[in-house]
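A.B. asks: Data: query-v6.cif, mmCIF, C-alpha atoms and all ligand atoms.
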data_upload
loop_
_atom_site.label_atom_id
_atom_site.label_comp_id
_atom_site.auth_asym_id
_atom_site.auth_seq_id
_atom_site.Cartn_x
_atom_site.Cartn_y
_atom_site.Cartn_z
CA MET G 1 0.79 27.77 9.98
CA LYS G 2 4.26 28.46 11.32
CA LYS G 3 7.25 29.81 9.43
CA ALA G 4 8.89 26.37 9.29
CA ASP G 5 5.74 24.98 7.61
CA TRP G 6 6.04 27.49 4.79
CA ILE G 7 9.78 26.89 4.38
CA LEU G 8 9.18 23.14 4.05
CA ILE G 9 6.32 23.47 1.56
CA ILE G 10 8.06 26.08 -0.61
CA THR G 11 11.38 24.21 -0.63
CA GLY G 12 9.59 20.99 -1.59
CA LEU G 13 7.75 22.67 -4.45
CA LEU G 14 10.93 24.34 -5.73
CA ILE G 15 12.82 21.02 -5.78
CA ALA G 16 9.92 19.37 -7.61
CA LEU G 17 9.75 22.25 -10.09
CA ALA G 18 13.49 22.07 -10.81
CA PHE G 19 13.17 18.33 -11.46
CA VAL G 20 10.18 18.79 -13.76
CA LEU G 21 11.93 21.53 -15.76
CA PHE G 22 14.94 19.26 -16.16
CA LEU G 23 12.73 16.39 -17.34
CA LEU G 24 10.79 18.62 -19.74
CA THR G 25 13.98 19.62 -21.53
CA GLN G 26 14.77 15.96 -22.31
CA LYS G 27 14.39 14.90 -25.94
CA ASN G 28 13.15 11.72 -27.56
CA SER G 29 16.33 9.73 -27.66
CA GLY G 30 15.38 6.69 -29.68
CA TYR G 31 16.80 3.99 -27.42
CA ALA G 32 15.68 2.16 -24.31
CA ASN G 33 17.60 -0.05 -21.90
CA VAL G 34 15.86 -3.09 -20.47
CA TYR G 35 16.99 -4.20 -17.01
CA TYR G 36 16.28 -7.26 -14.95
CA ASP G 37 17.46 -7.30 -11.34
CA GLY G 38 19.84 -4.45 -12.11
CA ASP G 39 21.46 -6.18 -15.10
CA LEU G 40 21.23 -4.61 -18.53
CA ILE G 41 19.46 -7.19 -20.71
CA GLU G 42 19.46 -5.30 -23.98
CA THR G 43 19.22 -1.90 -25.61
CA ILE G 44 16.19 -1.55 -27.83
CA ASN G 45 16.01 0.71 -30.87
CA LEU G 46 12.73 2.64 -30.56
CA ASN G 47 12.65 3.44 -34.28
CA ILE G 48 11.77 -0.16 -35.10
CA ASP G 49 8.20 -1.19 -34.23
CA LYS G 50 8.37 -4.60 -32.60
CA THR G 51 7.10 -6.68 -29.67
CA TYR G 52 9.53 -8.17 -27.17
CA THR G 53 8.85 -10.89 -24.62
CA TYR G 54 10.94 -11.07 -21.44
CA GLN G 55 10.69 -14.16 -19.31
CA PHE G 56 12.72 -14.50 -16.12
CA GLU G 57 11.74 -17.47 -13.97
CA GLU G 58 7.95 -17.16 -13.58
CA ASN G 59 7.95 -13.47 -14.50
CA THR G 60 6.76 -12.44 -17.92
CA ASN G 61 6.67 -8.90 -19.31
CA ILE G 62 5.66 -8.24 -22.90
CA VAL G 63 6.99 -4.97 -24.25
CA SER G 64 5.81 -3.14 -27.33
CA VAL G 65 7.63 -0.52 -29.37
CA ASN G 66 5.33 1.63 -31.44
CA ASN G 67 6.01 4.93 -33.19
CA GLY G 68 9.19 5.68 -31.23
CA GLN G 69 7.48 4.91 -27.92
CA ILE G 70 7.80 1.94 -25.60
CA ALA G 71 5.37 0.36 -23.11
CA VAL G 72 4.74 -2.83 -21.18
CA ILE G 73 1.56 -4.22 -22.72
CA GLU G 74 1.28 -7.49 -20.82
CA SER G 75 2.57 -8.74 -17.49
CA ASN G 76 1.72 -11.45 -15.00
CA CYS G 77 2.68 -9.24 -12.05
CA PRO G 78 0.08 -8.75 -9.28
CA ASN G 79 -0.46 -5.00 -9.54
CA LYS G 80 -0.09 -4.25 -13.31
CA ASP G 81 1.51 -0.90 -12.46
CA CYS G 82 4.00 -1.41 -15.28
CA ILE G 83 1.16 -1.60 -17.82
CA ASN G 84 -0.59 1.41 -16.31
CA MET G 85 2.52 3.54 -16.80
CA GLY G 86 1.71 3.55 -20.52
CA TYR G 87 4.01 4.59 -23.34
CA ILE G 88 7.23 6.52 -22.71
CA SER G 89 9.65 8.04 -25.21
CA LYS G 90 11.65 10.83 -23.58
CA ASN G 91 15.18 10.48 -22.30
CA LYS G 92 15.28 9.45 -18.59
CA GLN G 93 11.67 8.27 -18.49
CA VAL G 94 11.29 4.97 -16.69
CA ILE G 95 8.83 2.09 -16.48
CA VAL G 96 9.21 -0.18 -13.47
CA CYS G 97 7.66 -3.51 -12.68
CA LEU G 98 8.66 -3.78 -9.04
CA PRO G 99 7.38 -7.29 -8.30
CA HIS G 100 9.41 -8.55 -11.27
CA LYS G 101 12.50 -6.38 -10.57
CA PHE G 102 12.09 -5.38 -14.20
CA SER G 103 12.58 -1.90 -15.60
CA ILE G 104 12.91 0.03 -18.85
CA SER G 105 14.78 3.34 -19.11
CA VAL G 106 14.75 5.55 -22.17
CA VAL G 107 18.37 6.52 -22.78
CA ASN G 108 20.49 8.68 -24.96
CA LYS G 109 22.79 6.24 -26.68
CA ASN G 110 25.63 8.75 -26.50
CA ASP G 111 25.46 8.96 -22.73
CA ASP G 112 28.44 7.03 -21.51
CA TYR G 113 27.12 6.62 -17.98
CA ASP G 114 24.34 4.23 -17.20
CA PHE G 115 21.70 4.24 -14.48
CA VAL G 116 22.48 0.97 -12.81
CA ILE G 117 23.96 0.62 -9.37
CA GLU G 118 26.43 -2.21 -9.31
CA MET R 1 -6.45 2.67 30.10
CA LYS R 2 -9.44 0.74 28.77
CA LYS R 3 -10.59 3.88 27.09
CA LYS R 4 -7.20 4.36 25.47
CA VAL R 5 -7.19 0.83 24.04
CA ALA R 6 -10.71 1.31 22.70
CA PHE R 7 -9.73 4.61 21.19
CA ILE R 8 -6.65 3.19 19.46
CA GLY R 9 -8.89 0.41 18.14
CA LEU R 10 -11.16 3.07 16.69
CA LEU R 11 -8.20 4.83 15.08
CA ILE R 12 -7.06 1.53 13.51
CA ALA R 13 -10.55 1.03 12.10
CA PHE R 14 -10.60 4.56 10.81
CA GLY R 15 -7.14 4.20 9.27
CA LEU R 16 -8.32 1.00 7.59
CA ALA R 17 -11.33 2.77 6.13
CA LEU R 18 -9.00 5.45 4.75
CA SER R 19 -6.69 2.79 3.27
CA PHE R 20 -9.70 1.15 1.65
CA LEU R 21 -10.90 4.46 0.25
CA GLU R 22 -7.45 5.02 -1.17
CA SER R 23 -7.33 1.57 -2.77
CA LEU R 24 -10.39 2.62 -4.80
CA ILE R 25 -8.68 5.72 -6.21
CA PRO R 26 -6.78 4.92 -9.41
CA GLN R 27 -3.06 5.12 -8.80
CA VAL R 28 -1.64 8.35 -10.16
CA ILE R 29 1.96 7.29 -9.76
CA PRO R 30 2.26 3.65 -10.66
CA ILE R 31 4.73 2.63 -7.99
CA PRO R 32 3.38 0.20 -5.42
CA GLY R 33 2.86 1.79 -2.04
CA VAL R 34 3.19 5.31 -3.35
CA LYS R 35 -0.13 6.85 -2.50
CA LEU R 36 -1.71 9.97 -1.21
CA GLY R 37 -1.33 8.50 2.24
CA LEU R 38 -4.77 9.35 3.61
CA ALA R 39 -4.22 6.89 6.46
CA ASN R 40 -1.54 9.24 7.72
CA PHE R 41 -4.42 11.13 9.29
CA ALA R 42 -5.01 8.30 11.77
CA VAL R 43 -1.27 7.92 12.41
CA LEU R 44 -0.72 11.60 13.07
CA MET R 45 -3.76 11.81 15.32
CA THR R 46 -2.50 8.86 17.38
CA LEU R 47 0.90 10.52 17.63
CA TYR R 48 -0.57 13.75 18.94
CA LEU R 49 -3.11 12.15 21.28
CA PHE R 50 -1.03 9.29 22.70
CA GLY R 51 2.57 9.05 21.48
CA PHE R 52 5.16 7.23 19.42
CA LYS R 53 4.68 3.69 20.73
CA GLU R 54 0.90 3.80 20.30
CA ALA R 55 1.19 5.26 16.80
CA LEU R 56 3.68 2.56 15.80
CA ILE R 57 1.40 -0.24 17.03
CA MET R 58 -1.65 1.37 15.48
CA ASN R 59 0.01 1.80 12.09
CA PHE R 60 1.50 -1.69 12.05
CA ALA R 61 -1.92 -3.18 12.79
CA ARG R 62 -3.51 -1.05 10.10
CA ILE R 63 -1.00 -2.03 7.40
CA LEU R 64 -1.20 -5.70 8.33
CA LEU R 65 -4.99 -5.71 8.16
CA ALA R 66 -5.09 -3.61 5.00
CA SER R 67 -2.73 -5.96 3.13
CA MET R 68 -4.75 -8.96 4.29
CA MET R 69 -8.05 -7.41 3.25
CA PHE R 70 -7.27 -5.61 0.01
CA GLY R 71 -3.58 -6.08 -0.70
CA SER R 72 -0.95 -8.78 -0.73
CA ALA R 73 2.16 -9.87 1.18
CA PHE R 74 3.97 -7.83 -1.42
CA SER R 75 2.08 -4.62 -0.63
CA PHE R 76 2.62 -5.23 3.11
CA PHE R 77 6.40 -4.84 2.91
CA TYR R 78 6.21 -1.89 0.56
CA ALA R 79 3.75 -0.06 2.74
CA LEU R 80 5.81 -0.75 5.84
CA SER R 81 9.01 0.93 4.65
CA GLY R 82 7.36 4.24 3.77
CA ALA R 83 5.21 4.15 6.91
CA LEU R 84 8.21 3.68 9.19
CA LEU R 85 10.17 6.50 7.62
CA SER R 86 7.22 8.89 7.79
CA ILE R 87 6.34 8.08 11.40
CA LEU R 88 9.98 8.62 12.49
CA ILE R 89 10.14 12.00 10.77
CA GLU R 90 6.80 13.03 12.27
CA VAL R 91 7.69 12.08 15.83
CA LEU R 92 11.01 13.92 15.49
CA LEU R 93 9.33 17.09 14.21
CA ILE R 94 6.71 17.00 16.97
CA LYS R 95 9.55 16.77 19.53
CA ILE R 96 11.40 19.72 17.96
CA ASP R 97 8.11 21.65 17.97
CA LYS R 98 8.94 24.16 15.24
CA MET R 99 6.10 23.17 12.92
CA SER R 100 2.32 23.10 13.11
CA GLU R 101 0.29 19.96 12.36
CA ILE R 102 0.37 20.97 8.69
CA GLY R 103 4.17 21.06 8.41
CA VAL R 104 4.52 17.78 10.30
CA SER R 105 1.95 16.14 8.06
CA VAL R 106 3.59 17.45 4.86
CA ALA R 107 7.02 16.23 6.00
CA GLY R 108 5.51 12.83 6.81
CA GLY R 109 3.82 12.66 3.41
CA ILE R 110 7.02 13.46 1.55
CA ALA R 111 9.04 11.05 3.72
CA HIS R 112 6.54 8.29 3.02
CA ASN R 113 6.84 8.66 -0.75
CA VAL R 114 10.60 9.13 -0.73
CA GLY R 115 10.86 5.95 1.36
CA GLN R 116 8.90 4.03 -1.28
CA ILE R 117 11.08 5.34 -4.07
CA LEU R 118 14.28 4.42 -2.24
CA LEU R 119 12.91 0.92 -1.78
CA ALA R 120 11.98 0.75 -5.46
CA ILE R 121 15.53 1.76 -6.37
CA ILE R 122 16.97 -0.90 -4.07
CA ILE R 123 14.68 -3.60 -5.48
CA THR R 124 15.14 -2.85 -9.17
CA LYS R 125 18.75 -1.69 -8.64
CA THR R 126 17.87 1.02 -11.14
CA ILE R 127 18.56 4.54 -10.00
CA GLY R 128 16.47 5.96 -12.87
CA VAL R 129 13.37 5.33 -10.75
CA PHE R 130 14.22 8.75 -9.29
CA TYR R 131 12.37 10.06 -12.31
CA TYR R 132 9.20 9.85 -10.22
CA LEU R 133 10.55 12.03 -7.42
CA PRO R 134 8.92 15.37 -8.35
CA PHE R 135 5.47 13.79 -8.62
CA LEU R 136 5.99 12.15 -5.27
CA ILE R 137 7.04 15.36 -3.57
CA VAL R 138 4.05 17.26 -4.92
CA SER R 139 1.51 14.55 -4.03
CA GLY R 140 3.11 14.30 -0.57
CA ILE R 141 2.74 18.05 -0.06
CA LEU R 142 -0.87 18.25 -1.25
CA ALA R 143 -2.10 15.29 0.79
CA GLY R 144 0.00 16.52 3.72
CA ILE R 145 -1.69 19.92 3.74
CA VAL R 146 -5.21 18.45 3.67
CA ILE R 147 -4.44 15.92 6.39
CA GLY R 148 -2.62 18.53 8.47
CA ILE R 149 -5.61 20.88 8.41
CA LEU R 150 -7.97 18.05 9.41
CA VAL R 151 -5.71 16.99 12.29
CA LYS R 152 -5.41 20.58 13.47
CA LYS R 153 -9.20 21.07 13.47
CA LEU R 154 -10.18 17.72 14.96
CA ARG R 155 -7.42 17.30 17.52
CA PRO R 156 -8.98 19.47 20.25
CA VAL R 157 -12.33 17.72 19.82
CA LEU R 158 -10.84 14.23 20.09
CA LYS R 159 -8.62 15.28 22.95
CA ARG R 160 -11.66 16.27 24.96
CA ILE R 161 -13.28 12.88 24.33
CA VAL R 162 -10.12 11.00 25.34
CA LYS R 163 -9.73 13.05 28.52
CA ASP R 164 -13.36 12.69 29.65
ZN ZN H 1 4.33 -5.11 -13.40
#
Show this structure as structure tokens.
C.D. replies:
Amino acid sequence: MKKADWILIITGLLIALAFVLFLLTQKNSGYANVYYDGDLIETINLNIDKTYTYQFEENTNIVSVNNGQIAVIESNCPNKDCINMGYISKNKQVIVCLPHKFSISVVNKNDDYDFVIE
Amino acid sequence: MKKKVAFIGLLIAFGLALSFLESLIPQVIPIPGVKLGLANFAVLMTLYLFGFKEALIMNFARILLASMMFGSAFSFFYALSGALLSILIEVLLIKIDKMSEIGVSVAGGIAHNVGQILLAIIITKTIGVFYYLPFLIVSGILAGIVIGILVKKLRPVLKRIVKD
């Protein structure tokens, strides 16, 4: 191994570590934004257990809120990655269903910025 | 020349086998196309033994065949973006010649995963997808180290066979 190899590996690990520490300090924020194709569809209150169905064209995602957590429980997407991501509850956690351009972000309702690129 | 074509064919087949192996492993990070990138072994080996053009052709053929056999049109385009980014970074680093096979492989692994995440952000138009970045960097580094060591060990052996 050369010096540049070590620099690359250590820098990469440090960046990842910084990100993880930042994410670990995030709290349960109680709200989640639902996006379709970059548009905010609605903000869900995670303190109310409920099932939501989102249908855009042929794309269906069924979302469940349970015990302050949120997950996609059903989807007609080809890879089911969104379902496999499981339940999320912490601020900044994200579930994406790429084939459906559908995503859910846990947010702090007081944050006045949002995560969407216009 | 004939030998070279046959050898690249073998590397495609080997890359395909690695892609297949990887499709059997449950996805740790549930973003399409974000994988350990085992097939990068075949790409990197082609780069070192033959060059950029050969590696590009080899990888394109591998991704096309892999999506036809155990993927979809959808996975084809996702795989392509990360593969292109990683192959460009790798060829650049080999030219600069400051890193061993391990560093080049790690950089390629990270570039591959970062490429997928950028594409995911573009598609969902949701920048929050960046949340997955640390996991992607770490998996890129780990797979990169293993692949780099294998390339380093096997390269002289394969080189002898190609030259004979
Ligand atoms: Zn999905």
A.B. asks: Please check the contacts: residues of chain R at most 6 Å away from chain G, using all atoms listed in the file, listed as a PDB file with C-alpha atoms, in the frame of the given file.
C.D. replies:
ATOM      1  CA  PRO R  30       2.260   3.650 -10.660  1.00  0.00           C
ATOM      2  CA  MET R  99       6.100  23.170  12.920  1.00  0.00           C
ATOM      3  CA  SER R 100       2.320  23.100  13.110  1.00  0.00           C
ATOM      4  CA  GLY R 103       4.170  21.060   8.410  1.00  0.00           C
ATOM      5  CA  THR R 124      15.140  -2.850  -9.170  1.00  0.00           C
ATOM      6  CA  LYS R 125      18.750  -1.690  -8.640  1.00  0.00           C
ATOM      7  CA  THR R 126      17.870   1.020 -11.140  1.00  0.00           C
ATOM      8  CA  ILE R 127      18.560   4.540 -10.000  1.00  0.00           C
ATOM      9  CA  GLY R 128      16.470   5.960 -12.870  1.00  0.00           C
ATOM     10  CA  PRO R 134       8.920  15.370  -8.350  1.00  0.00           C
TER      11      PRO R 134
END
A.B. asks: Need the shell around Leu92 of chain R: protein/DNA/RNA residues with any atom at most 12 Å away, counting only C-alpha atoms. Skip same-chain ones fewer than 3 positions apart. Format as an MDAnalysis selection string?
C.D. replies: chainID R and resid 47 51:52 85:89 95:99 104:105 107:108
A.B. asks: Would you please work out which residue, of G:Leu24, G:Ile88, G:Ile73, G:Ile41, is nearest to ligand ZN 1 (chain H) when using all atoms listed in the file?
C.D. replies: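 Ranking G:Leu24, G:Ile88, G:Ile73, G:Ile41 by distance to ligand ZN 1 (chain H), first place goes to G:Ile73.
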A.B. asks: Quick one: pull the distance between atom CA of Phe135 of chain R and atom CA of Gln116 of chain R, Å, one decimal.
C.D. replies: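 Atom-to-atom, atom CA of Phe135 of chain R to atom CA of Gln116 of chain R, that is 12.7 Å.
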A.B. asks: Return the single residue from G:Ser89, G:Thr53, G:Ser75, G:Asn47 that is closest to ligand ZN 1 (chain H), with distances computed using only C-alpha atoms and all ligand atoms.
C.D. replies: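 Closest candidate: G:Ser75.
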A.B. asks: Go ahead and compute the interatomic distance for atom CA of Tyr48 of chain R and atom CA of Tyr78 of chain R, in Å to one decimal.
C.D. replies: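 So the two atoms, atom CA of Tyr48 of chain R and atom CA of Tyr78 of chain R, lie 25.1 Å apart.
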A.B. asks: Counting only C-alpha atoms and all ligand atoms, which residue out of G:Thr51, G:Asn33, G:Asn61, G:Asn28 sits closest to ligand ZN 1 (chain H)?
C.D. replies: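 Among G:Thr51, G:Asn33, G:Asn61, G:Asn28, it is G:Asn61 that comes nearest to ligand ZN 1 (chain H).
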A.B. asks: Using Å and a single decimal, report how far atom CA of Leu56 of chain R sits from atom CA of Lys3 of chain R.
C.D. replies: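 Separating atom CA of Lys3 of chain R from atom CA of Leu56 of chain R is a distance of 18.2 Å.
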A.B. asks: Give me, as a list in words, all polymer residues having an atom no more than 9 Å from Tyr87 of chain G, counting only C-alpha atoms and skipping those fewer than 5 positions away in the same chain.
C.D. replies: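 Once the adjacent positions are removed, what remains is Ser64, Val65, Asn66, Gln69, Ile70, Ala71, Val72 and Ile95 of chain G.
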A.B. asks: May I have the selected residues written with C-alpha atoms, as a tab-separated table (two decimals), in the frame of the given file?
C.D. replies:
chain	number	residue	atom	x	y	z
G	64	SER	CA	5.81	-3.14	-27.33
G	65	VAL	CA	7.63	-0.52	-29.37
G	66	ASN	CA	5.33	1.63	-31.44
G	69	GLN	CA	7.48	4.91	-27.92
G	70	ILE	CA	7.80	1.94	-25.60
G	71	ALA	CA	5.37	0.36	-23.11
G	72	VAL	CA	4.74	-2.83	-21.18
G	95	ILE	CA	8.83	2.09	-16.48
A.B. asks: My list of candidates is G:Leu46, G:Gln26, G:Leu21, G:Cys77. Which is closest to ligand ZN 1 (chain H) when distances are computed with all atoms listed in the file?
C.D. replies: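 Nearest to ligand ZN 1 (chain H): G:Cys77.
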A.B. asks: Quick one: residues within 7 Å of segment 57-67 of chain R, all atoms listed in the file counted, chain neighbours fewer than 3 positions away excluded, as a list of chain:residue names?
C.D. replies: R:Ile8, R:Ile12, R:Gly15, R:Leu16, R:Ser19, R:Val43, R:Lys53, R:Glu54, R:Phe70, R:Gly71, R:Ser72, R:Ala73, R:Ser75, R:Phe76, R:Ala79
A.B. asks: With all atoms listed in the file as the counted atoms, please give the residues lying no more than 6 Å from segment 139-149 of chain R, apart from itself and same-chain residues fewer than 4 positions off, as a ChimeraX atom specification.
C.D. replies: /R:36,41,101-102,105-106,109-110
A.B. asks: Between G:Thr60, G:Asn91, G:Lys50, G:Thr43, which residue has the minimum interatomic distance to ligand ZN 1 (chain H), considering all atoms listed in the file?
C.D. replies: G:Thr60
A.B. asks: Put the listed atoms of segment 153-157 of chain R in a box along x, y and z with 5 Å added on every side and give me the centre and edge lengths in Å to one decimal, as AutoDock Vina command-line options.
C.D. replies:
--center_x -9.9 --center_y 19.2 --center_z 16.9 --size_x 14.9 --size_y 13.8 --size_z 16.8
